[in-house]
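This report refers to the structure that appears directly beneath it.
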Amino acid sequence: MAELVDLIVPLEQEGTEAVVRAWLKAIGESVAESEPVVELETDKVAVEVASPVAGVLTEQVLAVDAGAGPGAVLGRIRTGAVADGPATRPTSISKPSIAADTPVSEAHELRLSPSVRRLVRESGLDPRGLSGSGRGGRLTREDVAAEISRREASPPSDGVRRVPHDRMRRQIAEHMSRSLSIAPHVTAVFEADFSAIVAHREANKAAFAARGIGLTYTAYIVAAAAKAMDAAPAVNSRWHEDHLEMFADANVGVGTALGDKGLIVPVIRRAQALTLAEIATRLTDLTERARAGRLAANDVQGGTFTISNHGVSGSLIAAPIIINQPQSAILGVGKLEKRVVAREVGGVDTIQIRPMAFVSLTIDHRVIDAAQTNAWLSRFVEILETWPPE
């Protein structure tokens, strides 16, 4: 018996509210079970929502660019139906007609999502000459926008380029502004001697490479951060208006730059239970997929703590680093560089050159106090300086 089944926004969505980025199926089209029907986007990731059943899409409840909170109904699918044209009572934004003078063939255009099709038509571009970066080589809005920007690269007569904000940049701005507005940010800065880490990495990176594992300093930082949670458990928590949610597992997010497209934070789950090799393996996989635009929604969900390794781009200190709400703290690691330091050797002060980096912990002062902040940073630095830990 035929029935209508709701297509809903995943309940485990994380980040700012999602928006409908593109409908991949039109009203009246057949859909297979587990086939992507609509694409959503938050400030963290784009994700395709698949049909839970086989049938025909009969309704698009939310139009492109509409907000979509967790559990919201996106559309409806009638099971047991056969696609024989548009639904008799379409109740959503209808599929735009194809202009007679469009330079794009109808057959090609129908393979594009509605939002991409609209942007192509408005810009006058022929998508047959563009390369797609989406799944399966599909052309995305970002591909078309990049081509438009390339063609408009010549500055206007006043010498000023005006670059429109894309959706990800607007959502990142909203997320950052919200975090600063609701959480009192306080930052503490320590200095860490990486001599033990450098020595361990030099002694082991060849063996790791032989196993196909890239051993980076970030892997050590993730491991040390996870172990330091025992010194101040509140650092690994989330603030809610009526309670504090504290976690036994350290699900550590690592900020990953996407060039001009912004920043994304893939999560290494249960980092406290992983070996250095396991952390390094997962870190490499997540970073590569993030930069290739192939992260799944699950890869950026469930984070309890975040690391910003801003030193890889040259900065010594960044403060405050904006907390990834609703988390309670974020670690910043500055550039690793050789510095002259004083060290006591056999009761005598000596001047030595050591690989040093500033490390900071920015905390939500509603949750964490100075004593907890300093206890966490002290333990974190101790783990780095006495590597390998017991």
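Ordering of the structure tokens sets the chain letters (A, B, ...); residue numbers start at 1 within each chain; ligands are numbered from 1 in the order shown.
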Can you tell me, as a PDB file with N, CA and C atoms, in the first residue's frame, what residues are no more than 9 Å from range 267-272 of chain A when counting only C-alpha atoms, ignoring any on the same chain fewer than 4 positions away?
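Output (around-v7.pdb):
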```pdb
ATOM      1  N   VAL A 222      47.522  16.254  19.625  1.00  0.00           N
ATOM      2  CA  VAL A 222      46.220  15.634  19.888  1.00  0.00           C
ATOM      3  C   VAL A 222      46.333  14.641  21.040  1.00  0.00           C
ATOM      4  N   ALA A 223      47.371  13.801  20.997  1.00  0.00           N
ATOM      5  CA  ALA A 223      47.555  12.789  22.044  1.00  0.00           C
ATOM      6  C   ALA A 223      47.760  13.436  23.410  1.00  0.00           C
ATOM      7  N   ALA A 224      48.595  14.474  23.467  1.00  0.00           N
ATOM      8  CA  ALA A 224      48.864  15.146  24.735  1.00  0.00           C
ATOM      9  C   ALA A 224      47.622  15.858  25.268  1.00  0.00           C
ATOM     10  N   ALA A 225      46.852  16.474  24.378  1.00  0.00           N
ATOM     11  CA  ALA A 225      45.633  17.163  24.801  1.00  0.00           C
ATOM     12  C   ALA A 225      44.633  16.187  25.403  1.00  0.00           C
ATOM     13  N   ALA A 226      44.493  15.031  24.775  1.00  0.00           N
ATOM     14  CA  ALA A 226      43.552  14.028  25.287  1.00  0.00           C
ATOM     15  C   ALA A 226      43.970  13.530  26.666  1.00  0.00           C
ATOM     16  N   LYS A 227      45.281  13.325  26.861  1.00  0.00           N
ATOM     17  CA  LYS A 227      45.776  12.837  28.154  1.00  0.00           C
ATOM     18  C   LYS A 227      45.668  13.903  29.243  1.00  0.00           C
ATOM     19  N   MET A 229      43.289  15.866  29.852  1.00  0.00           N
ATOM     20  CA  MET A 229      41.929  16.075  30.356  1.00  0.00           C
ATOM     21  C   MET A 229      41.765  15.600  31.797  1.00  0.00           C
ATOM     22  N   ALA A 248      33.548  11.616  29.154  1.00  0.00           N
ATOM     23  CA  ALA A 248      34.645  10.690  29.456  1.00  0.00           C
ATOM     24  C   ALA A 248      35.569  10.551  28.256  1.00  0.00           C
ATOM     25  N   ASP A 249      34.998  10.632  27.056  1.00  0.00           N
ATOM     26  CA  ASP A 249      35.786  10.509  25.828  1.00  0.00           C
ATOM     27  C   ASP A 249      36.221  11.882  25.332  1.00  0.00           C
ATOM     28  N   ALA A 250      37.485  11.973  24.934  1.00  0.00           N
ATOM     29  CA  ALA A 250      38.009  13.208  24.334  1.00  0.00           C
ATOM     30  C   ALA A 250      37.871  13.090  22.818  1.00  0.00           C
ATOM     31  N   ASN A 251      36.824  13.692  22.274  1.00  0.00           N
ATOM     32  CA  ASN A 251      36.616  13.730  20.831  1.00  0.00           C
ATOM     33  C   ASN A 251      37.214  15.041  20.327  1.00  0.00           C
ATOM     34  N   VAL A 252      38.424  14.950  19.816  1.00  0.00           N
ATOM     35  CA  VAL A 252      39.238  16.134  19.552  1.00  0.00           C
ATOM     36  C   VAL A 252      39.090  16.582  18.097  1.00  0.00           C
ATOM     37  N   GLY A 253      38.595  17.803  17.915  1.00  0.00           N
ATOM     38  CA  GLY A 253      38.518  18.382  16.586  1.00  0.00           C
ATOM     39  C   GLY A 253      39.790  19.140  16.261  1.00  0.00           C
ATOM     40  N   VAL A 254      40.229  19.056  15.028  1.00  0.00           N
ATOM     41  CA  VAL A 254      41.442  19.736  14.579  1.00  0.00           C
ATOM     42  C   VAL A 254      41.073  20.705  13.460  1.00  0.00           C
ATOM     43  N   GLU A 278      47.672   5.414  15.639  1.00  0.00           N
ATOM     44  CA  GLU A 278      46.258   5.481  15.270  1.00  0.00           C
ATOM     45  C   GLU A 278      45.801   6.922  15.100  1.00  0.00           C
ATOM     46  N   ILE A 279      46.267   7.803  15.973  1.00  0.00           N
ATOM     47  CA  ILE A 279      45.923   9.223  15.843  1.00  0.00           C
ATOM     48  C   ILE A 279      46.486   9.789  14.550  1.00  0.00           C
ATOM     49  N   ARG A 282      44.442   8.549  11.503  1.00  0.00           N
ATOM     50  CA  ARG A 282      43.124   9.194  11.378  1.00  0.00           C
ATOM     51  C   ARG A 282      43.271  10.664  11.007  1.00  0.00           C
ATOM     52  N   LEU A 283      44.282  11.306  11.553  1.00  0.00           N
ATOM     53  CA  LEU A 283      44.504  12.718  11.260  1.00  0.00           C
ATOM     54  C   LEU A 283      44.812  12.912   9.777  1.00  0.00           C
ATOM     55  N   LEU A 286      41.536  12.309   7.686  1.00  0.00           N
ATOM     56  CA  LEU A 286      40.555  13.380   7.817  1.00  0.00           C
ATOM     57  C   LEU A 286      41.007  14.660   7.124  1.00  0.00           C
ATOM     58  N   ASN A 298      29.230  12.845   9.664  1.00  0.00           N
ATOM     59  CA  ASN A 298      29.706  12.207  10.893  1.00  0.00           C
ATOM     60  C   ASN A 298      31.139  12.601  11.231  1.00  0.00           C
ATOM     61  N   ASP A 299      31.917  13.010  10.230  1.00  0.00           N
ATOM     62  CA  ASP A 299      33.322  13.358  10.454  1.00  0.00           C
ATOM     63  C   ASP A 299      33.489  14.663  11.233  1.00  0.00           C
ATOM     64  N   VAL A 300      32.463  15.502  11.277  1.00  0.00           N
ATOM     65  CA  VAL A 300      32.585  16.792  11.959  1.00  0.00           C
ATOM     66  C   VAL A 300      31.640  16.915  13.150  1.00  0.00           C
ATOM     67  N   GLN A 301      31.023  15.817  13.528  1.00  0.00           N
ATOM     68  CA  GLN A 301      30.064  15.838  14.620  1.00  0.00           C
ATOM     69  C   GLN A 301      30.654  15.249  15.899  1.00  0.00           C
ATOM     70  N   GLY A 302      30.108  15.667  17.024  1.00  0.00           N
ATOM     71  CA  GLY A 302      30.448  15.056  18.308  1.00  0.00           C
ATOM     72  C   GLY A 302      31.710  15.562  18.957  1.00  0.00           C
ATOM     73  N   GLY A 303      32.302  16.641  18.467  1.00  0.00           N
ATOM     74  CA  GLY A 303      33.528  17.164  19.067  1.00  0.00           C
ATOM     75  C   GLY A 303      33.296  17.689  20.474  1.00  0.00           C
ATOM     76  N   THR A 304      34.250  17.429  21.365  1.00  0.00           N
ATOM     77  CA  THR A 304      34.165  17.936  22.741  1.00  0.00           C
ATOM     78  C   THR A 304      35.280  18.925  23.054  1.00  0.00           C
ATOM     79  N   THR A 306      38.605  21.379  20.825  1.00  0.00           N
ATOM     80  CA  THR A 306      39.155  21.729  19.518  1.00  0.00           C
ATOM     81  C   THR A 306      40.584  22.241  19.640  1.00  0.00           C
TER      82      THR A 306
END
```
**OP:** Could you find all residues in range 212-259 of chain A that DSSP calls alpha helix (DSSP H) from the backbone, and write them as a list in words?
**Re:**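 Checking each residue of range 212-259 of chain A, the alpha helix (DSSP H) ones are Tyr217, Thr218, Ala219, Tyr220, Ile221, Val222, Ala223, Ala224, Ala225, Ala226, Lys227 and Ala228 of chain A.
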How would the residues just chosen look if you wrote them out with N, CA and C atoms as an mmCIF file, in the first residue's frame?
```cif
data_model
loop_
_atom_site.group_PDB
_atom_site.id
_atom_site.type_symbol
_atom_site.label_atom_id
_atom_site.label_comp_id
_atom_site.auth_asym_id
_atom_site.auth_seq_id
_atom_site.Cartn_x
_atom_site.Cartn_y
_atom_site.Cartn_z
ATOM 1 N N TYR A 217 53.678 16.671 13.960
ATOM 2 C CA TYR A 217 53.644 17.214 15.317
ATOM 3 C C TYR A 217 52.206 17.315 15.824
ATOM 4 N N THR A 218 51.264 17.531 14.913
ATOM 5 C CA THR A 218 49.869 17.646 15.332
ATOM 6 C C THR A 218 49.388 16.359 15.994
ATOM 7 N N ALA A 219 49.864 15.209 15.544
ATOM 8 C CA ALA A 219 49.462 13.942 16.161
ATOM 9 C C ALA A 219 49.878 13.903 17.624
ATOM 10 N N TYR A 220 51.086 14.391 17.931
ATOM 11 C CA TYR A 220 51.539 14.453 19.325
ATOM 12 C C TYR A 220 50.661 15.414 20.131
ATOM 13 N N ILE A 221 50.310 16.525 19.518
ATOM 14 C CA ILE A 221 49.514 17.535 20.208
ATOM 15 C C ILE A 221 48.131 16.979 20.555
ATOM 16 N N VAL A 222 47.522 16.254 19.625
ATOM 17 C CA VAL A 222 46.220 15.634 19.888
ATOM 18 C C VAL A 222 46.333 14.641 21.040
ATOM 19 N N ALA A 223 47.371 13.801 20.997
ATOM 20 C CA ALA A 223 47.555 12.789 22.044
ATOM 21 C C ALA A 223 47.760 13.436 23.410
ATOM 22 N N ALA A 224 48.595 14.474 23.467
ATOM 23 C CA ALA A 224 48.864 15.146 24.735
ATOM 24 C C ALA A 224 47.622 15.858 25.268
ATOM 25 N N ALA A 225 46.852 16.474 24.378
ATOM 26 C CA ALA A 225 45.633 17.163 24.801
ATOM 27 C C ALA A 225 44.633 16.187 25.403
ATOM 28 N N ALA A 226 44.493 15.031 24.775
ATOM 29 C CA ALA A 226 43.552 14.028 25.287
ATOM 30 C C ALA A 226 43.970 13.530 26.666
ATOM 31 N N LYS A 227 45.281 13.325 26.861
ATOM 32 C CA LYS A 227 45.776 12.837 28.154
ATOM 33 C C LYS A 227 45.668 13.903 29.243
ATOM 34 N N ALA A 228 45.739 15.174 28.865
ATOM 35 C CA ALA A 228 45.700 16.258 29.852
ATOM 36 C C ALA A 228 44.315 16.471 30.447
#
```
Subject >> range 368-382 of chain A environment, 9 Å, only C-alpha atoms, sequence neighbours closer than 5 positions dropped, as a ChimeraX atom specification >> reply: /A:186-193,221,224-235,328-329,359-363,387
**OP:** Looking only at strand (DSSP E) from DSSP on the backbone, list the matching residues of range 154-229 of chain A as a list in words.
**Re:** His185, Val186, Thr187, Ala188, Val189, Phe190, Glu191, Ala192 and Asp193 of chain A
**OP:** Give me, please, the distance in Å between CA of Pro184 in chain A and CA of Pro326 in chain A, quoted to one decimal.
**Re:**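 The value is 12.6 Å.
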**OP:** May I have the residues within 12 Å of Gly137 in chain A as JSON, numbers by chain, using only C-alpha atoms and disregarding those fewer than 4 positions away in the same chain?
**Re:** {"A": [111, 112, 130, 131, 132, 133, 143, 293, 294]}
